[in-house]
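S.K.: This one is my_file_26.cif, mmCIF, C-alpha atoms and all ligand atoms.
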```
data_protein
#
loop_
_atom_site.group_PDB
_atom_site.id
_atom_site.type_symbol
_atom_site.label_atom_id
_atom_site.label_comp_id
_atom_site.auth_asym_id
_atom_site.auth_seq_id
_atom_site.Cartn_x
_atom_site.Cartn_y
_atom_site.Cartn_z
ATOM 1 C CA MET A 4 -14.762 -2.881 -3.901
ATOM 2 C CA LYS A 5 -12.521 -1.934 -6.757
ATOM 3 C CA PRO A 6 -14.057 -2.073 -10.210
ATOM 4 C CA ALA A 7 -12.993 -5.094 -12.206
ATOM 5 C CA CYS A 8 -10.159 -4.537 -14.585
ATOM 6 C CA GLN A 9 -11.122 -4.561 -18.223
ATOM 7 C CA HIS A 10 -7.617 -5.258 -19.394
ATOM 8 C CA ARG A 11 -6.131 -8.680 -19.692
ATOM 9 C CA SER A 12 -2.635 -8.052 -18.497
ATOM 10 C CA SER A 13 -0.832 -10.560 -16.347
ATOM 11 C CA PRO A 14 0.433 -8.238 -13.629
ATOM 12 C CA SER A 15 -2.191 -6.566 -11.504
ATOM 13 C CA CYS A 16 -3.810 -3.540 -12.997
ATOM 14 C CA THR A 17 -2.081 -0.981 -10.829
ATOM 15 C CA ALA A 18 1.465 0.302 -10.980
ATOM 16 C CA PRO A 19 3.680 -2.762 -10.678
ATOM 17 C CA SER A 20 4.576 -3.468 -7.058
ATOM 18 C CA SER A 21 8.125 -4.386 -6.129
ATOM 19 C CA GLN A 22 7.268 -8.102 -6.281
ATOM 20 C CA GLN A 23 6.101 -7.719 -9.829
ATOM 21 C CA VAL A 24 9.032 -5.727 -11.085
ATOM 22 C CA ALA A 25 10.849 -8.749 -12.519
ATOM 23 C CA ASP A 26 7.694 -9.792 -14.374
ATOM 24 C CA PHE A 27 7.166 -6.291 -15.597
ATOM 25 C CA LEU A 28 10.716 -5.934 -16.885
ATOM 26 C CA ALA A 29 10.431 -9.255 -18.705
ATOM 27 C CA GLN A 30 7.185 -8.048 -20.248
ATOM 28 C CA ALA A 31 8.832 -4.775 -21.291
ATOM 29 C CA GLU A 32 11.711 -6.643 -22.879
ATOM 30 C CA GLN A 33 9.324 -8.850 -24.824
ATOM 31 C CA LEU A 34 7.329 -5.851 -25.968
ATOM 32 C CA CYS A 35 10.445 -4.074 -27.245
ATOM 33 C CA ALA A 36 11.543 -7.234 -29.063
ATOM 34 C CA GLN A 37 8.124 -7.471 -30.737
ATOM 35 C CA ARG A 38 8.400 -3.854 -31.785
ATOM 36 C CA LYS A 39 11.993 -4.386 -32.933
ATOM 37 C CA LEU A 40 13.289 -1.793 -30.509
ATOM 38 C CA ARG A 41 16.318 -2.003 -28.297
ATOM 39 C CA PHE A 42 15.646 -2.396 -24.588
ATOM 40 C CA THR A 43 19.071 -1.138 -23.598
ATOM 41 C CA ALA A 44 20.603 -1.621 -20.158
ATOM 42 C CA LEU A 45 19.965 2.032 -19.398
ATOM 43 C CA ARG A 46 16.304 1.893 -20.442
ATOM 44 C CA ARG A 47 15.898 -1.226 -18.351
ATOM 45 C CA THR A 48 17.553 0.326 -15.312
ATOM 46 C CA VAL A 49 15.479 3.507 -15.550
ATOM 47 C CA LEU A 50 12.255 1.498 -15.834
ATOM 48 C CA GLU A 51 13.280 -0.628 -12.871
ATOM 49 C CA LEU A 52 13.950 2.487 -10.815
ATOM 50 C CA VAL A 53 10.548 3.973 -11.703
ATOM 51 C CA CYS A 54 8.906 0.705 -10.622
ATOM 52 C CA ARG A 55 10.621 0.831 -7.246
ATOM 53 C CA TYR A 56 8.631 3.875 -6.229
ATOM 54 C CA ASP A 57 5.103 3.609 -4.921
ATOM 55 C CA GLN A 58 4.617 7.202 -5.913
ATOM 56 C CA PRO A 59 5.339 9.036 -9.147
ATOM 57 C CA VAL A 60 8.985 9.944 -9.349
ATOM 58 C CA GLY A 61 10.819 12.876 -10.950
ATOM 59 C CA ALA A 62 13.697 12.667 -13.407
ATOM 60 C CA TYR A 63 16.207 14.165 -10.998
ATOM 61 C CA THR A 64 15.460 11.603 -8.304
ATOM 62 C CA LEU A 65 16.031 8.925 -10.935
ATOM 63 C CA LEU A 66 19.264 10.592 -11.902
ATOM 64 C CA ASP A 67 20.483 10.420 -8.303
ATOM 65 C CA ASP A 68 19.455 6.775 -8.117
ATOM 66 C CA LEU A 69 21.318 6.054 -11.325
ATOM 67 C CA ARG A 70 24.468 7.635 -9.990
ATOM 68 C CA GLU A 71 24.153 5.467 -6.901
ATOM 69 C CA THR A 72 24.171 2.404 -9.109
ATOM 70 C CA GLY A 73 27.517 3.632 -10.392
ATOM 71 C CA ARG A 74 26.443 5.001 -13.743
ATOM 72 C CA SER A 75 27.551 8.391 -14.808
ATOM 73 C CA ALA A 76 24.387 9.759 -16.319
ATOM 74 C CA ALA A 77 23.534 13.251 -17.457
ATOM 75 C CA PRO A 78 19.993 14.687 -17.385
ATOM 76 C CA PRO A 79 19.507 14.396 -21.184
ATOM 77 C CA THR A 80 20.368 10.690 -20.984
ATOM 78 C CA VAL A 81 17.693 10.099 -18.375
ATOM 79 C CA TYR A 82 15.154 12.190 -20.258
ATOM 80 C CA ARG A 83 15.847 10.265 -23.456
ATOM 81 C CA ALA A 84 15.354 6.966 -21.663
ATOM 82 C CA LEU A 85 12.142 8.243 -20.040
ATOM 83 C CA ASN A 86 10.899 9.496 -23.397
ATOM 84 C CA PHE A 87 11.456 6.110 -24.925
ATOM 85 C CA LEU A 88 9.645 4.360 -22.069
ATOM 86 C CA GLN A 89 6.802 6.840 -22.351
ATOM 87 C CA GLN A 90 6.473 6.344 -26.104
ATOM 88 C CA GLN A 91 6.288 2.608 -25.586
ATOM 89 C CA GLY A 92 3.589 3.039 -22.954
ATOM 90 C CA LEU A 93 5.756 1.587 -20.196
ATOM 91 C CA VAL A 94 5.556 4.727 -18.115
ATOM 92 C CA HIS A 95 3.191 7.664 -18.013
ATOM 93 C CA ARG A 96 4.256 11.218 -17.348
ATOM 94 C CA LEU A 97 2.105 13.261 -15.027
ATOM 95 C CA ALA A 98 1.952 16.816 -16.309
ATOM 96 C CA ASN A 99 0.816 18.073 -12.906
ATOM 97 C CA ASP A 100 4.288 17.815 -11.409
ATOM 98 C CA ASN A 101 6.418 16.315 -14.159
ATOM 99 C CA THR A 102 6.783 12.911 -12.598
ATOM 100 C CA TYR A 103 6.717 9.412 -14.016
ATOM 101 C CA ILE A 104 4.716 6.370 -13.058
ATOM 102 C CA ALA A 105 5.008 2.843 -14.436
ATOM 103 C CA CYS A 106 2.057 1.467 -16.375
ATOM 104 C CA ALA A 107 1.034 -2.095 -15.625
ATOM 105 C CA HIS A 108 -0.499 -2.794 -19.006
ATOM 106 C CA PRO A 109 1.735 -1.370 -21.693
ATOM 107 C CA GLN A 110 0.304 -3.723 -24.336
ATOM 108 C CA GLN A 111 -2.740 -1.552 -24.819
ATOM 109 C CA GLN A 112 -2.747 1.978 -26.056
ATOM 110 C CA HIS A 113 -4.965 3.784 -23.592
ATOM 111 C CA ALA A 114 -5.891 7.137 -22.183
ATOM 112 C CA GLY A 115 -4.491 7.534 -18.700
ATOM 113 C CA LEU A 116 -6.819 8.420 -15.883
ATOM 114 C CA PHE A 117 -4.875 9.385 -12.792
ATOM 115 C CA LEU A 118 -6.030 10.174 -9.307
ATOM 116 C CA VAL A 119 -3.355 12.415 -7.830
ATOM 117 C CA CYS A 120 -3.316 13.215 -4.111
ATOM 118 C CA ARG A 121 -2.350 16.818 -3.492
ATOM 119 C CA ALA A 122 -1.278 16.055 0.087
ATOM 120 C CA CYS A 123 1.067 13.063 -0.244
ATOM 121 C CA GLY A 124 1.720 13.218 -3.976
ATOM 122 C CA GLY A 125 0.603 9.636 -4.422
ATOM 123 C CA ALA A 126 -0.989 8.783 -7.752
ATOM 124 C CA ARG A 127 -2.967 5.835 -8.934
ATOM 125 C CA GLU A 128 -3.834 4.949 -12.469
ATOM 126 C CA VAL A 129 -7.402 3.910 -13.054
ATOM 127 C CA HIS A 130 -7.858 1.603 -15.993
ATOM 128 C CA THR A 131 -11.055 2.060 -17.847
ATOM 129 C CA ARG A 132 -12.008 2.118 -21.494
ATOM 130 C CA GLN A 133 -14.699 4.654 -20.730
ATOM 131 C CA VAL A 134 -12.210 7.534 -20.738
ATOM 132 C CA ASP A 135 -10.918 6.613 -24.202
ATOM 133 C CA ASN A 136 -14.451 6.198 -25.445
ATOM 134 C CA ALA A 137 -15.625 9.511 -24.042
ATOM 135 C CA ILE A 138 -12.638 11.399 -25.444
ATOM 136 C CA ALA A 139 -13.029 9.800 -28.878
ATOM 137 C CA ARG A 140 -16.711 10.702 -28.850
ATOM 138 C CA GLN A 141 -15.988 14.334 -27.984
ATOM 139 C CA ALA A 142 -13.298 14.621 -30.664
ATOM 140 C CA ARG A 143 -15.350 13.051 -33.458
ATOM 141 C CA PRO A 144 -17.419 16.131 -34.430
ATOM 142 C CA TYR A 145 -14.134 18.017 -34.944
ATOM 143 C CA ASP A 146 -12.656 15.291 -37.160
ATOM 144 C CA PHE A 147 -9.828 15.156 -34.685
ATOM 145 C CA GLN A 148 -7.797 11.963 -34.428
ATOM 146 C CA VAL A 149 -6.863 11.304 -30.819
ATOM 147 C CA GLU A 150 -3.400 9.807 -30.393
ATOM 148 C CA LYS A 151 -2.975 9.972 -26.675
ATOM 149 C CA ALA A 152 -4.727 11.540 -23.768
ATOM 150 C CA ALA A 153 -4.328 11.796 -20.045
ATOM 151 C CA VAL A 154 -6.723 12.979 -17.403
ATOM 152 C CA GLU A 155 -5.282 13.988 -14.070
ATOM 153 C CA VAL A 156 -7.706 14.362 -11.211
ATOM 154 C CA ILE A 157 -6.336 16.234 -8.204
ATOM 155 C CA GLY A 158 -7.750 15.549 -4.764
ATOM 156 C CA LEU A 159 -7.120 13.672 -1.524
ATOM 157 C CA CYS A 160 -6.418 9.949 -1.232
ATOM 158 C CA ALA A 161 -8.261 7.898 1.380
ATOM 159 C CA ALA A 162 -5.309 7.978 3.774
ATOM 160 C CA CYS A 163 -4.842 11.736 3.560
ATOM 161 C CA ALA A 164 -8.556 12.474 3.757
ATOM 162 C CA GLY A 165 -8.676 10.211 6.836
ATOM 163 C CA ASP A 166 -5.778 12.019 8.497
ATOM 164 C CA LYS A 167 -7.598 15.274 8.142
ATOM 165 C CA GLY A 168 -10.769 13.850 9.661
ATOM 166 C CA ASP A 169 -8.910 12.429 12.664
ATOM 167 C CA GLY A 170 -7.069 15.669 13.378
HETATM 168 ZN ZN ZN A 201 -1.429 3.011 -18.190
HETATM 169 ZN ZN ZN A 202 -2.472 11.189 -0.026
#
```
In structure tokens, how does this file's structure come out?
Ligand SMILES: [Zn+2]
Ligand SMILES: [Zn+2]

M.R.:
Amino acid sequence: MKPACQHRSSPSCTAPSSQQVADFLAQAEQLCAQRKLRFTALRRTVLELVCRYDQPVGAYTLLDDLRETGRSAAPPTVYRALNFLQQQGLVHRLANDNTYIACAHPQQQHAGLFLVCRACGGAREVHTRQVDNAIARQARPYDFQVEKAAVEVIGLCAACAGDKGDG
């Protein structure tokens, strides 16, 4: 059984599935309005594209997708949009392979804990306050103020570990 989510977000506490994309975009729009930031058409489109993937997606894939939607976009444009989304907590960037994954609970500032499968590249965000708490505790003796943190755990997902066992 999956551990209960400690966050009170309306969409499920995993990356938003395709059914939840509309909800998620509405939530993002609301959040930007609250923060008095512009949720431009480009930012919206990029976020929507990130949500469409079950796996973390790279900027160049998004760029290709954007061009397919008829926009002429240059890499810096996409990176700027991704940066904005990242700053607002709407997406996380995985340092392991420079890919982006949508966050289902952007309302809360939180440390990201990611389980990244080295075989299929799939990643799942695990939502727990314990990571934030542990990091804050470790930083305290150094008088270090934590602003953001991410923990990426590399391994094999259930499906990939199963494949190996069957073979
Ligand atoms: Zn998150
Ligand atoms: Zn896998």

S.K.: Between A:Pro144, A:Pro79, A:Gly61, A:Gly125, which residue has the minimum interatomic distance to ligand ZN 202 (chain A), considering all atoms listed in the file?

M.R.: A:Gly125

S.K.: Grab the atom CA of Asp57 of chain A to atom CA of Ala126 of chain A distance for me, in Å with one decimal place.

M.R.: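 Spanning atom CA of Asp57 of chain A to atom CA of Ala126 of chain A is a straight-line distance of 8.5 Å.
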
S.K.: Could you check which of A:Glu150, A:Glu51, A:Glu128, A:Asp100 is closest to Leu88 of chain A, using only C-alpha atoms?

M.R.: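 The closest residue to Leu88 of chain A is A:Glu51.
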
S.K.: For the file shown, report as a ChimeraX atom specification the outcome of the PyMOL selection byres (((not hetatm)) within 8 of (chain A and resi 202)) at residue level.

M.R.: /A:119-125,159-164

S.K.: Ligand ZN 201 (chain A): which residues are within 12 Å, counting only C-alpha atoms and all ligand atoms, as a ChimeraX atom specification?

M.R.: /A:10,12,15-19,88-97,103-117,126-132,134-135,151-154

S.K.: Would you compute the distance between atom CA of Thr43 of chain A and atom CA of Asn101 of chain A? Give it in Å to one decimal.

M.R.: 23.5 Å

S.K.: Rank nothing, just name the residue among A:Gln148, A:Gln141, A:Thr80, A:Gln23 nearest to Val49 of chain A, using all atoms listed in the file.

M.R.: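 Of the candidates, the smallest distance to Val49 of chain A is held by A:Thr80.
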
S.K.: Return the single residue from A:Gly158, A:Cys35, A:Ala77, A:Phe147 that is closest to Arg47 of chain A, with distances computed using all atoms listed in the file.

M.R.: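 Between A:Gly158, A:Cys35, A:Ala77, A:Phe147, the residue approaching Arg47 of chain A most closely is A:Cys35.
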
S.K.: Where's the centre, and what are the edge lengths in Å to one decimal, of a box along x, y and z enclosing all listed atoms of segment 33-40 of chain A padded 4 Å per side, as JSON?

M.R.:
```
{"center_x": 10.3, "center_y": -5.3, "center_z": -28.9, "size_x": 14.0, "size_y": 15.1, "size_z": 16.1}
```

S.K.: Using only C-alpha atoms, which residues sit within 7 Å of segment 137-139 of chain A once same-chain residues fewer than 4 positions away are excluded, as a CSV table (one decimal) with C-alpha atoms, keeping the file's coordinate frame?

M.R.:
```
chain,number,residue,atom,x,y,z
A,133,GLN,CA,-14.7,4.7,-20.7
A,143,ARG,CA,-15.4,13.1,-33.5
A,149,VAL,CA,-6.9,11.3,-30.8
```

S.K.: Could you tell me how far atom CA of Arg46 of chain A lies from atom CA of Glu32 of chain A, in Å and to one decimal?

M.R.: 10.0 Å
